[in-house]
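Student: Got a structure for you, run33.pdb, holding PDB, C-alpha atoms, pLDDT in the B column.
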ATOM      1  CA  MET U   1      63.374 117.681 108.910  1.00 74.00           C
ATOM      2  CA  ASP U   2      65.427 120.645 110.008  1.00 89.00           C
ATOM      3  CA  SER U   3      67.787 121.766 107.274  1.00 91.00           C
ATOM      4  CA  ALA U   4      70.834 121.816 109.569  1.00 92.00           C
ATOM      5  CA  LEU U   5      70.154 118.217 110.580  1.00 95.00           C
ATOM      6  CA  HIS U   6      69.694 117.302 106.928  1.00 94.00           C
ATOM      7  CA  GLY U   7      73.053 118.908 106.092  1.00 95.00           C
ATOM      8  CA  LEU U   8      74.690 117.085 108.997  1.00 95.00           C
ATOM      9  CA  LEU U   9      73.412 113.729 107.762  1.00 96.00           C
ATOM     10  CA  VAL U  10      74.521 114.444 104.199  1.00 96.00           C
ATOM     11  CA  GLY U  11      77.946 115.492 105.493  1.00 96.00           C
ATOM     12  CA  LEU U  12      78.214 112.325 107.590  1.00 97.00           C
ATOM     13  CA  ALA U  13      77.430 110.150 104.588  1.00 97.00           C
ATOM     14  CA  ILE U  14      79.968 111.936 102.399  1.00 97.00           C
ATOM     15  CA  SER U  15      82.666 111.868 105.079  1.00 97.00           C
ATOM     16  CA  ALA U  16      82.112 108.141 105.695  1.00 97.00           C
ATOM     17  CA  ALA U  17      82.419 107.445 101.972  1.00 97.00           C
ATOM     18  CA  LEU U  18      85.590 109.552 101.753  1.00 97.00           C
ATOM     19  CA  LEU U  19      87.147 107.788 104.750  1.00 97.00           C
ATOM     20  CA  ILE U  20      86.417 104.351 103.347  1.00 97.00           C
ATOM     21  CA  PHE U  21      87.754 105.305  99.912  1.00 97.00           C
ATOM     22  CA  GLU U  22      90.914 106.855 101.370  1.00 97.00           C
ATOM     23  CA  TYR U  23      91.602 103.850 103.602  1.00 97.00           C
ATOM     24  CA  VAL U  24      91.186 101.442 100.690  1.00 98.00           C
ATOM     25  CA  MET U  25      93.517 103.500  98.487  1.00 97.00           C
ATOM     26  CA  ILE U  26      96.180 103.828 101.209  1.00 97.00           C
ATOM     27  CA  ASN U  27      95.938 100.121 101.994  1.00 97.00           C
ATOM     28  CA  LYS U  28      96.335  99.285  98.300  1.00 97.00           C
ATOM     29  CA  ALA U  29      99.459 101.467  98.058  1.00 96.00           C
ATOM     30  CA  VAL U  30     100.921  99.905 101.224  1.00 96.00           C
ATOM     31  CA  ASN U  31     100.380  96.401  99.887  1.00 96.00           C
ATOM     32  CA  GLU U  32     101.921  97.267  96.506  1.00 96.00           C
ATOM     33  CA  ARG U  33     104.931  98.851  98.204  1.00 95.00           C
ATOM     34  CA  ALA U  34     105.354  95.810 100.460  1.00 96.00           C
ATOM     35  CA  LYS U  35     105.218  93.471  97.477  1.00 95.00           C
ATOM     36  CA  LYS U  36     107.738  95.603  95.582  1.00 94.00           C
ATOM     37  CA  TYR U  37     110.282  95.583  98.444  1.00 94.00           C
ATOM     38  CA  ASN U  38     109.449  92.070  99.744  1.00 95.00           C
ATOM     39  CA  ARG U  39     108.450  93.306 103.192  1.00 93.00           C
ATOM     40  CA  LYS U  40     105.402  92.900 105.347  1.00 94.00           C
ATOM     41  CA  PRO U  41     102.735  95.558 104.692  1.00 94.00           C
ATOM     42  CA  GLU U  42     102.684  98.318 107.283  1.00 93.00           C
ATOM     43  CA  PHE U  43     101.677 101.957 107.236  1.00 94.00           C
ATOM     44  CA  ASP U  44     104.611 104.359 107.274  1.00 94.00           C
ATOM     45  CA  VAL U  45     104.609 107.869 108.730  1.00 96.00           C
ATOM     46  CA  THR U  46     103.296 109.474 105.551  1.00 96.00           C
ATOM     47  CA  ASP U  47     100.390 107.050 105.322  1.00 96.00           C
ATOM     48  CA  ARG U  48      99.453 107.627 108.966  1.00 96.00           C
ATOM     49  CA  ARG U  49      99.577 111.395 108.564  1.00 97.00           C
ATOM     50  CA  ARG U  50      97.471 111.197 105.416  1.00 96.00           C
ATOM     51  CA  MET U  51      94.841 109.128 107.234  1.00 96.00           C
ATOM     52  CA  HIS U  52      94.872 111.454 110.262  1.00 97.00           C
ATOM     53  CA  SER U  53      94.378 114.516 108.104  1.00 96.00           C
ATOM     54  CA  MET U  54      91.495 112.783 106.348  1.00 96.00           C
ATOM     55  CA  LEU U  55      89.969 111.960 109.753  1.00 96.00           C
ATOM     56  CA  ARG U  56      90.185 115.614 110.799  1.00 97.00           C
ATOM     57  CA  PHE U  57      88.590 116.667 107.518  1.00 96.00           C
ATOM     58  CA  ALA U  58      85.848 114.046 107.906  1.00 96.00           C
ATOM     59  CA  PHE U  59      85.137 115.366 111.399  1.00 95.00           C
ATOM     60  CA  LEU U  60      84.701 118.948 110.176  1.00 96.00           C
ATOM     61  CA  LEU U  61      82.831 118.137 106.952  1.00 96.00           C
ATOM     62  CA  PRO U  62      79.422 117.359 108.546  1.00 96.00           C
ATOM     63  CA  ILE U  63      79.604 120.532 110.625  1.00 96.00           C
ATOM     64  CA  GLY U  64      80.350 122.553 107.507  1.00 96.00           C
ATOM     65  CA  PHE U  65      77.502 120.933 105.598  1.00 96.00           C
ATOM     66  CA  ALA U  66      75.106 121.630 108.476  1.00 95.00           C
ATOM     67  CA  VAL U  67      76.113 125.308 108.524  1.00 95.00           C
ATOM     68  CA  ILE U  68      75.851 125.660 104.747  1.00 95.00           C
ATOM     69  CA  PHE U  69      72.446 123.949 104.610  1.00 94.00           C
ATOM     70  CA  TRP U  70      71.215 126.154 107.465  1.00 93.00           C
ATOM     71  CA  ILE U  71      72.439 129.334 105.733  1.00 94.00           C
ATOM     72  CA  VAL U  72      70.860 128.324 102.425  1.00 93.00           C
ATOM     73  CA  SER U  73      67.524 127.513 104.060  1.00 90.00           C
ATOM     74  CA  PHE U  74      67.675 130.725 106.091  1.00 82.00           C
ATOM     75  CA  ALA U  75      68.270 132.798 102.953  1.00 81.00           C
ATOM     76  CA  ARG U  76      65.106 131.499 101.285  1.00 72.00           C
TER      77      ARG U  76
END
Write the structure described by the file as structure tokens, please.

Tutor:
Amino acid sequence: MDSALHGLLVGLAISAALLIFEYVMINKAVNERAKKYNRKPEFDVTDRRRMHSMLRFAFLLPIGFAVIFWIVSFAR
């Protein structure tokens, strides 16, 4: 398998895991905050921005991994 494709797949797996973990942690914090203030759980502006920045990072991570894997294989 081409090393850039291998890096892309590794980056996709890591970014998917990071997105799932971040969503679960944000959702947990939202539910705890809602329980504390006796409100319905909803994402506030900070939570949305945090998730959007994680999405942008998860989009760029596979590309970065592909480039790094390609450079490392090229240097051999």

Student: Written as an NGL selection string, what is the full residue list that the PyMOL selection byres ((chain U and resi 44) around 12) yields on the file shown?

Tutor: :U and (26-27 or 29-31 or 33-34 or 40-43 or 45-51)

Student: Using the selection just defined, write its residues with C-alpha atoms as a PDB file, keeping the file's coordinate frame.

Tutor:
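Done, and the output landed in part_31.pdb:
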ATOM      1  CA  ILE U  26      96.180 103.828 101.209  1.00 97.00           C
ATOM      2  CA  ASN U  27      95.938 100.121 101.994  1.00 97.00           C
ATOM      3  CA  ALA U  29      99.459 101.467  98.058  1.00 96.00           C
ATOM      4  CA  VAL U  30     100.921  99.905 101.224  1.00 96.00           C
ATOM      5  CA  ASN U  31     100.380  96.401  99.887  1.00 96.00           C
ATOM      6  CA  ARG U  33     104.931  98.851  98.204  1.00 95.00           C
ATOM      7  CA  ALA U  34     105.354  95.810 100.460  1.00 96.00           C
ATOM      8  CA  LYS U  40     105.402  92.900 105.347  1.00 94.00           C
ATOM      9  CA  PRO U  41     102.735  95.558 104.692  1.00 94.00           C
ATOM     10  CA  GLU U  42     102.684  98.318 107.283  1.00 93.00           C
ATOM     11  CA  PHE U  43     101.677 101.957 107.236  1.00 94.00           C
ATOM     12  CA  VAL U  45     104.609 107.869 108.730  1.00 96.00           C
ATOM     13  CA  THR U  46     103.296 109.474 105.551  1.00 96.00           C
ATOM     14  CA  ASP U  47     100.390 107.050 105.322  1.00 96.00           C
ATOM     15  CA  ARG U  48      99.453 107.627 108.966  1.00 96.00           C
ATOM     16  CA  ARG U  49      99.577 111.395 108.564  1.00 97.00           C
ATOM     17  CA  ARG U  50      97.471 111.197 105.416  1.00 96.00           C
ATOM     18  CA  MET U  51      94.841 109.128 107.234  1.00 96.00           C
TER      19      MET U  51
END

Student: State, in Å with one decimal place, the distance from atom CA of Ser53 of chain U to atom CA of Leu9 of chain U.

Tutor: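 Answer for the atom CA of Ser53 of chain U to atom CA of Leu9 of chain U separation: 21.0 Å.
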
Student: Report, in Å with one decimal, the straight-line distance from atom CA of Leu61 of chain U to atom CA of Ile14 of chain U.

Tutor: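 Those two atoms sit 8.2 Å apart.
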
Student: Name the residues in contact with Ala58 of chain U at a cut-off of 9 Å, using all atoms listed in the file, excluding same-chain residues fewer than 5 positions from it; report them as a list in words.

Tutor: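 So, after excluding close chain neighbours, the residues are Gly11, Leu12, Ile14, Ser15, Ala16, Leu18, Leu19 and Ser53 of chain U.
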
Student: Would you please work out which residue, of U:Lys28, U:Pro62, U:Met1, U:His52, is nearest to Ala13 of chain U when using all atoms listed in the file?

Tutor: U:Pro62

Student: Please indicate the distance in Å from atom CA of Met54 of chain U to atom CA of His6 of chain U, rounded to one decimal place.

Tutor: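 Computed distance, atom CA of Met54 of chain U to atom CA of His6 of chain U, equals 22.3 Å.
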
Student: Give me the box for segment 28-45 of chain U as lines of an AutoDock Vina configuration file, namely the centre and edge lengths in Å to one decimal of a box along x, y and z that holds every listed atom plus 6 Å on each side.

Tutor:
center_x = 103.3
center_y = 100.0
center_z = 102.2
size_x = 25.9
size_y = 27.8
size_z = 25.1

Student: Neighbours of Ser3 of chain U within 6 Å (only C-alpha atoms; same-chain residues fewer than 2 positions away dropped), as an MDAnalysis selection string?

Tutor: chainID U and resid 5:6 69:70

Student: Leaving out Val72 of chain U and any residue of its chain fewer than 5 positions from it, which residues lie within 12 Å of it when counting only C-alpha atoms, given as an mmCIF file with C-alpha atoms, in the coordinates of the input?

Tutor:
data_model
loop_
_atom_site.group_PDB
_atom_site.id
_atom_site.type_symbol
_atom_site.label_atom_id
_atom_site.label_comp_id
_atom_site.auth_asym_id
_atom_site.auth_seq_id
_atom_site.Cartn_x
_atom_site.Cartn_y
_atom_site.Cartn_z
ATOM 1 C CA SER U 3 67.787 121.766 107.274
ATOM 2 C CA ALA U 4 70.834 121.816 109.569
ATOM 3 C CA HIS U 6 69.694 117.302 106.928
ATOM 4 C CA GLY U 7 73.053 118.908 106.092
ATOM 5 C CA PHE U 65 77.502 120.933 105.598
ATOM 6 C CA ALA U 66 75.106 121.630 108.476
ATOM 7 C CA VAL U 67 76.113 125.308 108.524
#

Student: Taking N, CA and C atoms as the atom set, what does segment 4-15 of chain U look like once completed, written as a tab-separated table (two decimals), keeping the file's coordinate frame?

Tutor:
chain	number	residue	atom	x	y	z
U	4	ALA	N	69.50	122.03	109.01
U	4	ALA	CA	70.83	121.82	109.57
U	4	ALA	C	71.07	120.33	109.84
U	5	LEU	N	70.04	119.65	110.34
U	5	LEU	CA	70.15	118.22	110.58
U	5	LEU	C	70.30	117.47	109.26
U	6	HIS	N	69.58	117.90	108.25
U	6	HIS	CA	69.69	117.30	106.93
U	6	HIS	C	71.11	117.47	106.39
U	7	GLY	N	71.68	118.67	106.53
U	7	GLY	CA	73.05	118.91	106.09
U	7	GLY	C	74.05	118.08	106.87
U	8	LEU	N	73.80	117.90	108.17
U	8	LEU	CA	74.69	117.08	109.00
U	8	LEU	C	74.68	115.63	108.52
U	9	LEU	N	73.51	115.12	108.22
U	9	LEU	CA	73.41	113.73	107.76
U	9	LEU	C	74.06	113.55	106.39
U	10	VAL	N	73.87	114.51	105.51
U	10	VAL	CA	74.52	114.44	104.20
U	10	VAL	C	76.04	114.50	104.37
U	11	GLY	N	76.51	115.39	105.23
U	11	GLY	CA	77.95	115.49	105.49
U	11	GLY	C	78.52	114.23	106.10
U	12	LEU	N	77.76	113.59	107.00
U	12	LEU	CA	78.21	112.32	107.59
U	12	LEU	C	78.34	111.24	106.53
U	13	ALA	N	77.38	111.17	105.64
U	13	ALA	CA	77.43	110.15	104.59
U	13	ALA	C	78.62	110.38	103.66
U	14	ILE	N	78.85	111.62	103.29
U	14	ILE	CA	79.97	111.94	102.40
U	14	ILE	C	81.30	111.68	103.09
U	15	SER	N	81.40	112.07	104.37
U	15	SER	CA	82.67	111.87	105.08
U	15	SER	C	82.94	110.38	105.30
